[in-house]
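Text of the file target_12.cif, holding mmCIF, C-alpha atoms:
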data_target
#
loop_
_atom_site.label_atom_id
_atom_site.label_comp_id
_atom_site.auth_asym_id
_atom_site.auth_seq_id
_atom_site.Cartn_x
_atom_site.Cartn_y
_atom_site.Cartn_z
CA MET A 182 -47.03 42.55 -77.40
CA LYS A 183 -49.89 41.91 -79.78
CA ASN A 184 -50.63 38.22 -78.93
CA ILE A 185 -50.77 36.20 -75.71
CA SER A 186 -47.79 33.96 -76.57
CA GLY A 187 -45.59 37.04 -76.70
CA TYR A 188 -46.92 38.06 -73.34
CA ILE A 189 -46.16 34.71 -71.82
CA PHE A 190 -42.70 34.66 -73.38
CA ASN A 191 -41.88 38.10 -71.99
CA PHE A 192 -43.18 37.10 -68.61
CA CYS A 193 -40.86 34.12 -68.55
CA PHE A 194 -37.95 36.36 -69.41
CA LEU A 195 -38.78 38.67 -66.54
CA ALA A 196 -39.35 35.83 -64.13
CA LEU A 197 -36.11 34.09 -64.94
CA PRO A 198 -33.84 36.23 -62.76
CA PHE A 199 -36.14 35.59 -59.82
CA VAL A 200 -36.11 31.89 -60.48
CA MET A 201 -32.35 31.93 -60.84
CA TYR A 202 -32.03 33.84 -57.59
CA ALA A 203 -34.15 31.25 -55.79
CA GLN A 204 -32.00 28.46 -57.19
CA GLN A 205 -28.84 30.19 -56.04
CA GLN A 206 -30.23 30.61 -52.54
CA GLN A 207 -30.89 26.87 -52.26
CA ALA A 208 -27.41 26.08 -53.55
CA ALA A 209 -25.86 28.39 -50.95
CA ASP A 210 -27.71 26.54 -48.17
CA THR A 211 -26.42 23.09 -49.17
CA LEU A 212 -22.84 24.37 -49.46
CA ALA A 213 -22.82 25.42 -45.74
CA LEU A 214 -21.62 22.58 -43.33
CA PRO A 215 -24.40 20.73 -41.49
CA VAL A 216 -25.02 21.80 -37.89
CA ALA A 217 -23.38 19.25 -35.50
CA THR A 218 -25.38 17.63 -32.71
CA GLU A 219 -23.79 16.26 -29.54
CA SER A 220 -25.44 13.56 -27.50
CA TYR A 221 -25.85 14.03 -23.79
CA GLY A 222 -26.58 11.23 -21.42
CA ILE A 223 -25.24 8.82 -18.88
CA ARG A 224 -22.51 6.21 -19.37
CA VAL A 225 -22.40 3.18 -17.08
CA GLY A 226 -19.73 0.54 -17.02
CA THR A 227 -17.47 -1.70 -15.04
CA ASP A 228 -13.76 -2.06 -14.37
CA LEU A 229 -12.54 -5.12 -16.29
CA ASN A 230 -9.23 -5.14 -14.41
CA ARG A 231 -10.95 -5.83 -11.10
CA LEU A 232 -13.44 -8.20 -12.70
CA ALA A 233 -10.70 -10.32 -14.29
CA ARG A 234 -8.74 -10.42 -11.05
CA ASN A 235 -11.53 -12.49 -9.48
CA PHE A 236 -10.54 -15.29 -11.84
CA TYR A 237 -6.76 -15.26 -11.76
CA ASP A 238 -6.10 -14.13 -8.16
CA LYS A 239 -7.47 -16.56 -5.59
CA ASP A 240 -6.88 -14.01 -2.81
CA TYR A 241 -9.10 -11.35 -4.39
CA ARG A 242 -12.83 -10.71 -4.68
CA GLY A 243 -14.01 -7.38 -6.04
CA PHE A 244 -16.16 -5.40 -8.39
CA GLU A 245 -16.27 -1.80 -9.52
CA ALA A 246 -19.11 0.01 -11.31
CA THR A 247 -18.29 3.24 -13.11
CA GLY A 248 -20.51 6.02 -14.32
CA ASP A 249 -20.28 9.40 -15.92
CA TYR A 250 -22.71 12.06 -16.94
CA ARG A 251 -22.05 14.73 -19.53
CA LEU A 252 -22.48 18.26 -18.24
CA THR A 253 -21.07 20.34 -21.08
CA LYS A 254 -19.31 19.58 -24.34
CA LYS A 255 -16.07 18.77 -22.49
CA LEU A 256 -16.97 18.34 -18.85
CA TYR A 257 -18.34 15.16 -17.32
CA ALA A 258 -19.40 14.41 -13.76
CA ALA A 259 -18.00 10.98 -12.87
CA ALA A 260 -18.20 8.44 -10.08
CA GLU A 261 -17.09 4.92 -9.24
CA ILE A 262 -18.40 2.59 -6.59
CA GLY A 263 -16.89 -0.73 -5.65
CA THR A 264 -16.22 -3.43 -3.13
CA GLU A 265 -13.03 -5.41 -2.55
CA LYS A 266 -11.83 -8.25 -0.36
CA LYS A 267 -8.14 -9.05 -0.51
CA THR A 268 -5.83 -11.37 1.43
CA VAL A 269 -2.19 -10.29 1.48
CA ASP A 270 0.45 -12.92 2.23
CA ASP A 271 3.71 -11.06 2.89
CA ALA A 272 6.92 -12.51 4.38
CA GLN A 273 6.15 -11.35 7.90
CA LEU A 274 2.38 -10.82 7.83
CA ASN A 275 -0.79 -12.36 6.49
CA PHE A 276 -3.99 -10.32 6.65
CA THR A 277 -7.35 -9.92 4.92
CA THR A 278 -8.98 -6.55 4.20
CA SER A 279 -12.62 -6.31 3.21
CA GLY A 280 -14.68 -3.22 2.45
CA SER A 281 -16.22 -0.87 -0.06
CA TYR A 282 -15.51 2.53 -1.53
CA ILE A 283 -17.06 5.38 -3.46
CA LYS A 284 -15.31 7.96 -5.60
CA PHE A 285 -16.86 11.05 -7.14
CA GLY A 286 -15.49 13.87 -9.22
CA ALA A 287 -15.22 15.16 -12.75
CA ASP A 288 -13.39 14.47 -16.00
CA TYR A 289 -12.40 17.08 -18.55
CA ASN A 290 -11.96 16.01 -22.17
CA MET A 291 -8.82 17.57 -23.61
CA HIS A 292 -9.39 16.09 -27.05
CA GLU A 293 -11.10 17.91 -29.95
CA ASN A 294 -13.20 15.31 -31.73
CA TRP A 295 -13.77 15.29 -35.48
CA PRO A 296 -17.45 15.56 -36.39
CA GLY A 297 -19.23 12.30 -35.66
CA LEU A 298 -16.51 10.91 -33.33
CA ARG A 299 -16.93 10.74 -29.59
CA ASN A 300 -13.57 9.82 -28.06
CA MET A 301 -11.92 11.24 -24.97
CA ILE A 302 -8.46 11.96 -23.70
CA TYR A 303 -9.09 13.40 -20.30
CA LEU A 304 -7.79 14.68 -17.02
CA GLY A 305 -9.87 14.39 -13.93
CA PHE A 306 -10.03 14.18 -10.18
CA ARG A 307 -11.94 12.16 -7.61
CA TYR A 308 -12.64 12.43 -3.93
CA SER A 309 -12.78 8.93 -2.48
CA ILE A 310 -14.05 7.42 0.74
CA SER A 311 -13.60 3.84 1.86
CA THR A 312 -14.88 1.93 4.88
CA PHE A 313 -13.43 -1.46 5.65
CA SER A 314 -12.42 -4.03 8.21
CA GLN A 315 -9.25 -6.10 8.54
CA THR A 316 -8.38 -9.49 9.97
CA LEU A 317 -4.79 -10.16 11.01
CA ASN A 318 -4.46 -13.86 10.20
CA SER A 319 -0.87 -14.55 11.19
CA TYR A 320 2.48 -12.87 11.74
CA GLN A 321 6.10 -13.81 12.30
CA ILE A 322 8.15 -12.36 15.15
CA TYR A 323 11.19 -10.58 13.75
CA ASP A 324 14.28 -11.79 15.59
CA ASN A 325 17.62 -11.03 14.00
CA THR A 326 19.68 -13.33 16.21
CA GLY A 327 18.17 -16.38 14.54
CA TYR A 328 19.23 -18.46 17.54
CA PHE A 329 15.88 -20.03 18.28
CA GLY A 330 13.61 -21.02 15.39
CA GLU A 331 10.98 -18.80 13.77
CA THR A 332 7.90 -18.04 15.79
CA VAL A 333 4.62 -17.62 13.89
CA ILE A 334 1.59 -16.44 15.83
CA TYR A 335 -2.02 -16.95 14.68
CA PRO A 336 -3.97 -14.27 16.53
CA ASN A 337 -6.96 -14.11 14.16
CA ARG A 338 -7.43 -10.56 15.34
CA GLU A 339 -10.21 -8.53 13.74
CA TYR A 340 -10.25 -4.75 13.40
CA SER A 341 -13.52 -3.21 12.26
CA GLY A 342 -14.84 0.29 11.66
CA LEU A 343 -11.75 1.46 9.76
CA SER A 344 -11.98 4.19 7.15
CA ALA A 345 -9.83 6.28 4.85
CA GLN A 346 -10.32 9.21 2.47
CA TRP A 347 -8.15 10.39 -0.36
CA LEU A 348 -7.88 12.61 -3.39
CA GLU A 349 -7.13 11.21 -6.84
CA VAL A 350 -5.84 12.85 -9.99
CA ILE A 351 -6.46 10.93 -13.17
CA ALA A 352 -5.27 10.83 -16.74
CA GLY A 353 -7.25 8.62 -19.05
CA VAL A 354 -8.57 7.70 -22.45
CA LYS A 355 -12.01 6.52 -23.63
CA ALA A 356 -12.84 5.47 -27.17
CA GLU A 357 -16.12 4.52 -28.80
CA VAL A 358 -15.43 1.05 -30.19
CA LEU A 359 -18.99 0.11 -31.18
CA PRO A 360 -22.08 2.34 -31.36
CA ASN A 361 -22.56 3.62 -27.79
CA VAL A 362 -19.99 1.15 -26.40
CA TYR A 363 -16.83 2.66 -24.97
CA MET A 364 -13.58 1.18 -23.75
CA GLY A 365 -11.02 3.10 -21.81
CA PHE A 366 -8.33 3.09 -19.19
CA SER A 367 -7.13 5.52 -16.59
CA LEU A 368 -4.00 5.97 -14.52
CA ARG A 369 -4.55 7.36 -11.05
CA LEU A 370 -2.43 8.96 -8.42
CA HIS A 371 -3.82 8.94 -4.87
CA SER A 372 -3.03 11.04 -1.84
CA LEU A 373 -4.53 10.14 1.53
CA THR A 374 -6.31 12.92 3.39
CA SER A 375 -7.50 10.87 6.34
CA ASN A 376 -6.58 7.38 7.49
CA LYS A 377 -8.13 5.74 10.55
CA LYS A 378 -5.63 3.04 11.49
CA PRO A 379 -6.35 0.10 13.75
CA ASP A 380 -4.85 -0.08 17.23
CA GLY A 381 -1.61 -2.07 17.15
CA PHE A 382 -1.56 -2.57 13.39
CA ASP A 383 -1.71 -0.50 10.19
CA ASN A 384 -3.80 -0.10 7.04
CA LEU A 385 -1.64 -1.91 4.53
CA PHE A 386 -4.34 -2.31 1.89
CA ILE A 387 -7.37 -0.03 1.44
CA PRO A 388 -10.23 -0.96 -0.92
CA GLY A 389 -10.14 1.40 -3.91
CA PHE A 390 -6.70 2.74 -2.95
CA ASN A 391 -4.65 -0.48 -3.30
CA ARG A 392 -1.56 -1.03 -1.17
CA THR A 393 -0.31 1.76 1.02
CA TYR A 394 3.27 2.91 1.29
CA ASP A 395 5.26 4.70 3.97
CA GLY A 396 3.95 8.08 2.80
CA ASN A 397 0.39 9.02 1.87
CA VAL A 398 0.71 8.25 -1.83
CA GLY A 399 -0.66 5.34 -3.82
CA THR A 400 -1.57 4.48 -7.39
CA SER A 401 -4.15 2.49 -9.27
CA PHE A 402 -5.16 1.60 -12.75
CA ASN A 403 -8.60 1.01 -14.16
CA TYR A 404 -9.66 -0.51 -17.48
CA THR A 405 -13.33 -0.01 -18.25
CA VAL A 406 -16.02 -1.01 -20.67
CA SER A 407 -19.13 1.18 -20.57
CA TYR A 408 -22.39 1.77 -22.36
CA PHE A 409 -23.78 5.17 -23.27
CA ILE A 410 -27.50 5.85 -22.73
CA PRO A 411 -28.42 9.06 -24.57
CA PHE A 412 -30.95 11.41 -23.00
CA TYR A 413 -31.02 14.38 -25.33
CA LYS A 414 -29.13 16.11 -28.09
CA LYS A 415 -27.73 19.58 -28.19
CA THR A 416 -26.87 21.40 -31.37
CA GLN A 417 -23.45 22.95 -31.54
CA PRO A 418 -23.18 25.33 -34.47
CA GLN A 419 -20.07 24.57 -36.47
CA VAL A 420 -17.97 27.43 -37.74
CA THR A 421 -17.66 27.15 -41.54
CA LYS A 422 -14.10 27.39 -42.64
CA PRO A 423 -13.41 28.71 -46.12
CA LYS A 424 -11.44 26.23 -48.21
CA MET X 8 -0.74 20.63 -27.86
CA LYS X 9 -3.47 19.37 -25.57
CA LYS X 10 -2.31 15.79 -25.96
CA LEU X 11 1.17 16.94 -25.03
CA ILE X 12 -0.21 18.40 -21.81
CA VAL X 13 -1.88 15.11 -20.90
CA ILE X 14 1.29 13.12 -21.63
CA CYS X 15 3.45 15.52 -19.61
CA PHE X 16 0.97 15.36 -16.76
CA ALA X 17 0.98 11.56 -16.75
CA ALA X 18 4.80 11.54 -16.81
CA ALA X 19 4.97 14.04 -13.95
CA CYS X 20 2.54 11.98 -11.90
CA THR X 21 4.55 8.80 -12.49
CA GLY X 22 7.69 10.62 -11.45
CA TYR X 23 6.01 11.89 -8.29
CA VAL X 24 4.84 8.40 -7.41
CA PHE X 25 8.31 6.92 -7.59
CA TRP X 26 9.82 9.82 -5.71
CA GLY X 27 7.13 9.90 -3.03
CA CYS X 28 6.83 6.17 -2.42
CA GLU X 29 9.44 4.70 -0.13
CA LYS X 30 10.56 1.16 -0.67
CA ASP X 31 9.26 -0.65 2.34
CA ASP X 32 9.69 -4.33 1.48
CA ILE X 33 12.95 -4.78 3.37
CA CYS X 34 13.27 -4.45 7.13
CA PRO X 35 16.22 -2.03 7.58
CA ASP X 36 19.00 -3.13 9.94
CA GLU X 37 18.69 0.04 12.01
CA THR X 38 15.03 -0.62 12.82
CA PRO X 39 14.78 -1.79 16.42
CA THR X 40 13.24 -5.24 16.44
CA THR X 41 13.08 -7.90 19.16
CA PRO X 42 15.73 -6.84 21.73
CA SER X 43 18.28 -9.16 23.32
CA LEU X 44 18.96 -9.29 27.08
CA VAL X 45 21.99 -7.18 28.05
CA ILE X 46 24.07 -8.70 30.87
CA GLU X 47 26.98 -7.00 32.61
CA PHE X 48 29.51 -8.81 34.81
CA TYR X 49 30.74 -7.36 38.12
CA GLU X 50 33.20 -8.24 40.84
CA ASP X 51 31.41 -10.03 43.69
CA GLY X 52 33.78 -8.60 46.32
CA ASN X 53 33.43 -5.02 45.05
CA ARG X 54 29.96 -4.71 43.55
CA SER X 55 30.46 -1.49 41.65
CA LEU X 56 33.48 -2.80 39.73
CA LEU X 57 33.02 -4.28 36.25
CA LYS X 58 34.83 -7.59 35.83
CA ASN X 59 35.98 -9.07 32.51
CA VAL X 60 35.11 -12.68 31.81
CA THR X 61 37.56 -15.33 30.58
CA GLY X 62 36.45 -17.92 28.03
CA LEU X 63 32.72 -17.34 28.53
CA SER X 64 30.29 -19.24 26.32
CA VAL X 65 26.51 -19.52 26.56
CA ARG X 66 24.24 -22.24 25.20
CA ALA X 67 20.48 -22.68 25.51
CA GLU X 68 19.16 -25.98 26.80
CA GLY X 69 18.26 -28.19 23.85
CA ILE X 70 20.19 -26.18 21.24
CA ASN X 71 23.56 -27.40 19.94
CA ARG X 72 24.96 -24.04 18.90
CA LEU X 73 26.57 -21.41 21.11
CA VAL X 74 24.98 -17.99 21.39
CA ARG X 75 26.72 -15.12 19.61
CA LEU X 76 27.46 -12.92 22.59
CA THR X 77 28.70 -9.72 20.94
CA ASP X 78 27.77 -7.61 17.91
CA ALA X 79 30.82 -9.06 16.18
CA GLY X 80 29.30 -12.54 16.56
CA ASP X 81 31.81 -14.10 18.98
CA THR X 82 30.64 -17.29 20.69
CA ILE X 83 33.52 -17.56 23.19
CA VAL X 84 34.56 -14.24 24.76
CA SER X 85 37.37 -13.01 26.99
CA GLY X 86 38.35 -9.57 28.21
CA ILE X 87 34.88 -8.03 28.06
CA SER X 88 32.21 -7.45 30.67
CA THR X 89 29.04 -7.05 28.59
CA ILE X 90 27.19 -9.69 26.57
CA LYS X 91 23.80 -9.93 24.79
CA ILE X 92 21.67 -13.07 24.70
CA PRO X 93 18.24 -13.61 23.10
CA LEU X 94 15.13 -14.56 25.03
CA LYS X 95 12.53 -16.89 23.55
CA THR X 96 9.63 -15.39 21.59
CA ASP X 97 7.21 -18.28 22.08
CA THR X 98 7.52 -19.13 25.80
CA ASP X 99 7.81 -17.13 29.03
CA SER X 100 11.03 -18.69 30.27
CA VAL X 101 14.34 -19.92 28.89
CA ASN X 102 17.13 -22.11 30.36
CA TYR X 103 20.74 -21.33 29.53
CA ILE X 104 24.09 -22.81 30.53
CA PHE X 105 26.82 -20.24 31.16
CA THR X 106 30.29 -21.77 30.92
CA ILE X 107 33.43 -19.99 32.12
CA ASN X 108 36.92 -20.90 30.82
CA THR X 109 35.56 -22.75 27.82
CA GLY X 110 38.07 -24.61 25.59
CA ASN X 111 38.33 -23.77 21.91
CA THR X 112 35.49 -25.99 20.72
CA PRO X 113 31.95 -26.03 22.17
CA ASN X 114 32.23 -29.59 23.51
CA ASP X 115 35.77 -29.26 24.95
CA THR X 116 35.31 -28.41 28.61
CA GLY X 117 39.00 -27.46 29.16
CA ASP X 118 40.86 -27.63 32.51
CA ASP X 119 38.90 -25.13 34.59
CA ALA X 120 35.55 -25.41 32.82
CA ASN X 121 32.64 -24.50 34.99
CA ASP X 122 29.02 -24.68 33.88
CA ASN X 123 26.26 -22.72 35.57
CA ALA X 124 22.63 -23.22 34.67
CA VAL X 125 20.63 -19.99 34.57
CA THR X 126 16.87 -19.60 34.05
CA PHE X 127 15.18 -16.37 32.96
CA ASN X 128 11.45 -15.74 33.59
CA TYR X 129 9.52 -12.95 31.92
CA THR X 130 6.31 -11.91 30.19
CA ARG X 131 6.03 -11.02 26.51
CA ASN X 132 4.24 -8.32 24.55
CA GLU X 133 4.03 -8.33 20.74
CA VAL X 134 4.20 -4.95 19.05
CA TYR X 135 3.69 -4.06 15.37
CA VAL X 136 6.76 -2.56 13.68
CA SER X 137 6.06 -2.19 9.94
CA ARG X 138 4.96 -4.08 6.83
CA ALA X 139 8.48 -5.38 6.13
CA CYS X 140 9.50 -6.13 9.73
CA GLY X 141 6.20 -7.49 10.97
CA PHE X 142 6.02 -7.72 14.74
CA LYS X 143 8.62 -7.66 17.50
CA THR X 144 8.46 -9.00 21.04
CA LEU X 145 9.19 -6.79 24.03
CA TYR X 146 9.87 -8.43 27.39
CA THR X 147 9.24 -7.64 31.02
CA LEU X 148 11.43 -9.58 33.46
CA ASN X 149 9.69 -10.91 36.52
CA GLU X 150 10.65 -8.86 39.60
CA THR X 151 11.79 -11.74 41.81
CA THR X 152 12.30 -14.63 39.38
CA GLY X 153 13.64 -12.65 36.40
CA ILE X 154 16.99 -14.46 36.71
CA LEU X 155 17.54 -17.66 38.70
CA ALA X 156 21.10 -18.98 38.74
CA ASP X 157 21.66 -22.54 39.88
CA THR X 158 23.45 -22.55 43.24
CA GLN X 159 24.44 -26.25 43.40
CA ASN X 160 27.82 -27.82 42.54
CA THR X 161 30.25 -24.88 43.21
CA PRO X 162 28.71 -22.40 40.79
CA TRP X 163 30.98 -19.70 39.42
CA ILE X 164 28.08 -17.22 39.45
CA LEU X 165 27.87 -15.94 43.02
CA GLU X 166 25.04 -13.42 42.81
CA THR X 167 22.62 -11.94 40.26
CA ALA X 168 20.44 -8.83 40.09
CA VAL X 169 17.69 -7.48 37.84
CA VAL X 170 18.58 -3.87 37.03
CA LYS X 171 15.91 -3.07 34.41
CA THR X 172 12.73 -5.13 34.10
CA ASN X 173 11.50 -3.59 30.81
CA ILE X 174 13.48 -5.01 27.95
CA GLU X 175 12.64 -2.71 25.03
CA ASP X 176 16.06 -1.98 23.56
CA GLU X 177 19.71 -2.94 23.90
CA ASN X 178 20.99 0.44 25.10
CA GLU X 179 21.21 -0.26 28.83
CA GLU X 180 22.04 -3.23 31.03
CA HIS X 181 19.12 -5.34 32.19
CA ILE X 182 20.88 -7.93 34.41
CA ARG X 183 24.01 -7.98 36.58
CA ILE X 184 25.98 -11.13 37.27
CA TYR X 185 28.50 -11.07 40.13
CA PHE X 186 31.35 -13.57 40.15
#

Can you dump the structure from the file as structure tokens?
Amino acid sequence: MKNISGYIFNFCFLALPFVMYAQQQQAADTLALPVATESYGIRVGTDLNRLARNFYDKDYRGFEATGDYRLTKKLYAAAEIGTEKKTVDDAQLNFTTSGSYIKFGADYNMHENWPGLRNMIYLGFRYSISTFSQTLNSYQIYDNTGYFGETVIYPNREYSGLSAQWLEVIAGVKAEVLPNVYMGFSLRLHSLTSNKKPDGFDNLFIPGFNRTYDGNVGTSFNYTVSYFIPFYKKTQPQVTKPK
Amino acid sequence: MKKLIVICFAAACTGYVFWGCEKDDICPDETPTTPSLVIEFYEDGNRSLLKNVTGLSVRAEGINRLVRLTDAGDTIVSGISTIKIPLKTDTDSVNYIFTINTGNTPNDTGDDANDNAVTFNYTRNEVYVSRACGFKTLYTLNETTGILADTQNTPWILETAVVKTNIEDENEEHIRIYF
């Protein structure tokens, strides 16, 4: 190399592989899938089923607040708290039950979300406790001879300090319909574990449990709208799958 | 696969609910509800001997229909010695007219018709049965005035006795009438 231009030219030739290597490295990085981040936080909502019932059922007053908190990618701690007042007018009895309840447990998301989606199809359980009071408004004496007319008694008897506890298993769905706004429903099966009945009557309706049957089993349904408040994000490295 | 598990679980739960819940909206016939008074008729001359009635009908004061005295629903009975009549659920006493040798229709007194007024006195207790049946009334006959048969105008009922004061079922006799 007799002149400087030759020197520069040769230098460029030598440098080129390094430059090309650097380019390739950058290209390799952009080809890898981006690392996914999952939001963690608290979701608070309300049961629309119970809320709507206040308007179409004149014998019902109630409200339920729901909440869940994400523990891991699939596991959520969940709770509901509510209050209900219902008057039941059956053929032989008319009574009013009034009280509140709390349920706490966990939900497990069975659904594998595509990146960016945050929906749930879940199974869960709750342990529930309710305290309530009842007023027996009126009853009819059951007489199968039918010889004398019907006798209806208005005792206006009040039973207070009643309580019940039960276990629930749940199957449900939650979908993100707007950013951070979720709608979902759940089907629940209840099994009473303790039931403090009043003297001379029965617990025919328990707040949070709905109507009771001859056994210990009951069911309910819940349709919720909730809002997600994010606290922090966690990165979940995605496995790159070769095409 | 996971969605299949959830669906199967929900189906199993629904199945369990319908299997585990008993239909309790109808009061079953076998459930003991408000009991009727069981009366047995005996021979006045020989007090341990059951005596069959002839053409017996019973009507409450103020009601136009006859009481159905047997499980079969007969209102005029012959050849039996046990009948069941209801007590009132809203008052503590009831007045009946017991007629022997009744004709074929309630108002036909027949040739040897004989009416006897009888009053029953008792106390009531309402007891819860179930959601479908509501409440029933159980009775306790008064010791001395449980049954008062009218003794004027040649009554055909000669003597009465309270055998069981607690009326809780229809399995045993509560009252004896001697004639």

### Task
Could you check which of X:Ile90, X:Ile107, X:Ala67, X:Ala139 is closest to Ile46 in chain X, using all atoms listed in the file?
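So, comparing all the options, the nearest one is X:Ile90.
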
### Query
For this file, the PyMOL selection byres ((chain A) within 6 of (chain X)) selects which residues, as a PyMOL selection string?
chain A and resi 273-274+291+322-324+381-382+395

### Query
Around (-2.3, 4.0, -3.0) in the file's frame, which residues reach within 12 Å when counting all atoms listed in the file? Return as a ChimeraX atom specification?
/A:309,345-350,368-374,376,384-402 /X:24-25,27-28

### Message
I'd like the residues picked by the PyMOL selection byres ((chain X and resi 151) around 12) written out as a ChimeraX atom specification, using the chain letters and numbers from the file.
### Response
/X:127-129,147-150,152-155,167-170,172

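Note that CA of Arg231 in chain A and CA of Val406 in chain A are 11.9 Å apart.
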
### Message
For the PyMOL selection byres ((chain X and resi 177) around 10), applied here, can you spell out every residue it catches as a list in words?
### Response
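Output from the PyMOL selection byres ((chain X and resi 177) around 10), applied to this file: Pro39, Thr41, Pro42, Ser43, Leu44, Val45, Lys91, Ile174, Glu175, Asp176, Asn178, Glu179, Glu180 and His181 of chain X.
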
### Task
Pick out the closest residue to Ser220 in chain A from this set: A:Glu293, A:Thr268, A:Tyr335, A:Arg299. Count only C-alpha atoms.
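Of all the options, A:Arg299 lies closest to Ser220 in chain A.
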
N, CA and C atoms of range 361-380 of chain A, written as a short mmCIF file (atom, residue, chain, number, x, y, z; two decimals), in the first residue's frame:
data_model
loop_
_atom_site.label_atom_id
_atom_site.label_comp_id
_atom_site.auth_asym_id
_atom_site.auth_seq_id
_atom_site.Cartn_x
_atom_site.Cartn_y
_atom_site.Cartn_z
N ASN A 361 -59.36 -2.76 30.59
CA ASN A 361 -59.50 -2.90 32.05
C ASN A 361 -60.93 -3.12 32.54
N VAL A 362 -61.90 -3.25 31.66
CA VAL A 362 -63.27 -3.51 32.10
C VAL A 362 -63.63 -4.95 31.74
N TYR A 363 -64.06 -5.71 32.72
CA TYR A 363 -64.37 -7.12 32.53
C TYR A 363 -65.84 -7.38 32.78
N MET A 364 -66.39 -8.34 31.99
CA MET A 364 -67.73 -8.83 32.31
C MET A 364 -67.64 -10.34 32.43
N GLY A 365 -68.42 -10.89 33.33
CA GLY A 365 -68.34 -12.33 33.48
C GLY A 365 -69.55 -12.89 34.19
N PHE A 366 -69.68 -14.20 34.18
CA PHE A 366 -70.71 -14.83 34.96
C PHE A 366 -70.17 -16.10 35.57
N SER A 367 -70.82 -16.52 36.66
CA SER A 367 -70.39 -17.77 37.29
C SER A 367 -71.60 -18.55 37.75
N LEU A 368 -71.46 -19.87 37.69
CA LEU A 368 -72.48 -20.79 38.18
C LEU A 368 -71.93 -21.41 39.44
N ARG A 369 -72.75 -21.44 40.49
CA ARG A 369 -72.25 -21.91 41.78
C ARG A 369 -73.11 -22.99 42.38
N LEU A 370 -72.41 -23.93 43.00
CA LEU A 370 -73.08 -25.00 43.70
C LEU A 370 -72.72 -24.86 45.17
N HIS A 371 -73.74 -24.84 46.05
CA HIS A 371 -73.47 -24.62 47.47
C HIS A 371 -73.76 -25.86 48.27
N SER A 372 -73.02 -26.03 49.37
CA SER A 372 -73.30 -27.12 50.29
C SER A 372 -73.16 -26.57 51.70
N LEU A 373 -74.25 -26.62 52.46
CA LEU A 373 -74.25 -26.05 53.81
C LEU A 373 -73.36 -26.85 54.75
N THR A 374 -72.55 -26.15 55.55
CA THR A 374 -71.73 -26.84 56.55
C THR A 374 -72.28 -26.56 57.94
N SER A 375 -72.95 -25.45 58.12
CA SER A 375 -73.58 -25.19 59.41
C SER A 375 -74.80 -24.33 59.17
N ASN A 376 -75.86 -24.57 59.93
CA ASN A 376 -77.12 -23.88 59.67
C ASN A 376 -77.85 -23.71 60.99
N LYS A 377 -77.83 -22.49 61.53
CA LYS A 377 -78.50 -22.26 62.82
C LYS A 377 -79.94 -21.87 62.53
N LYS A 378 -80.86 -22.81 62.78
CA LYS A 378 -82.26 -22.59 62.45
C LYS A 378 -82.99 -21.94 63.60
N PRO A 379 -84.05 -21.20 63.29
CA PRO A 379 -84.82 -20.60 64.39
C PRO A 379 -85.70 -21.65 65.07
N ASP A 380 -86.10 -21.36 66.29
CA ASP A 380 -86.94 -22.26 67.06
C ASP A 380 -88.36 -22.25 66.53
#
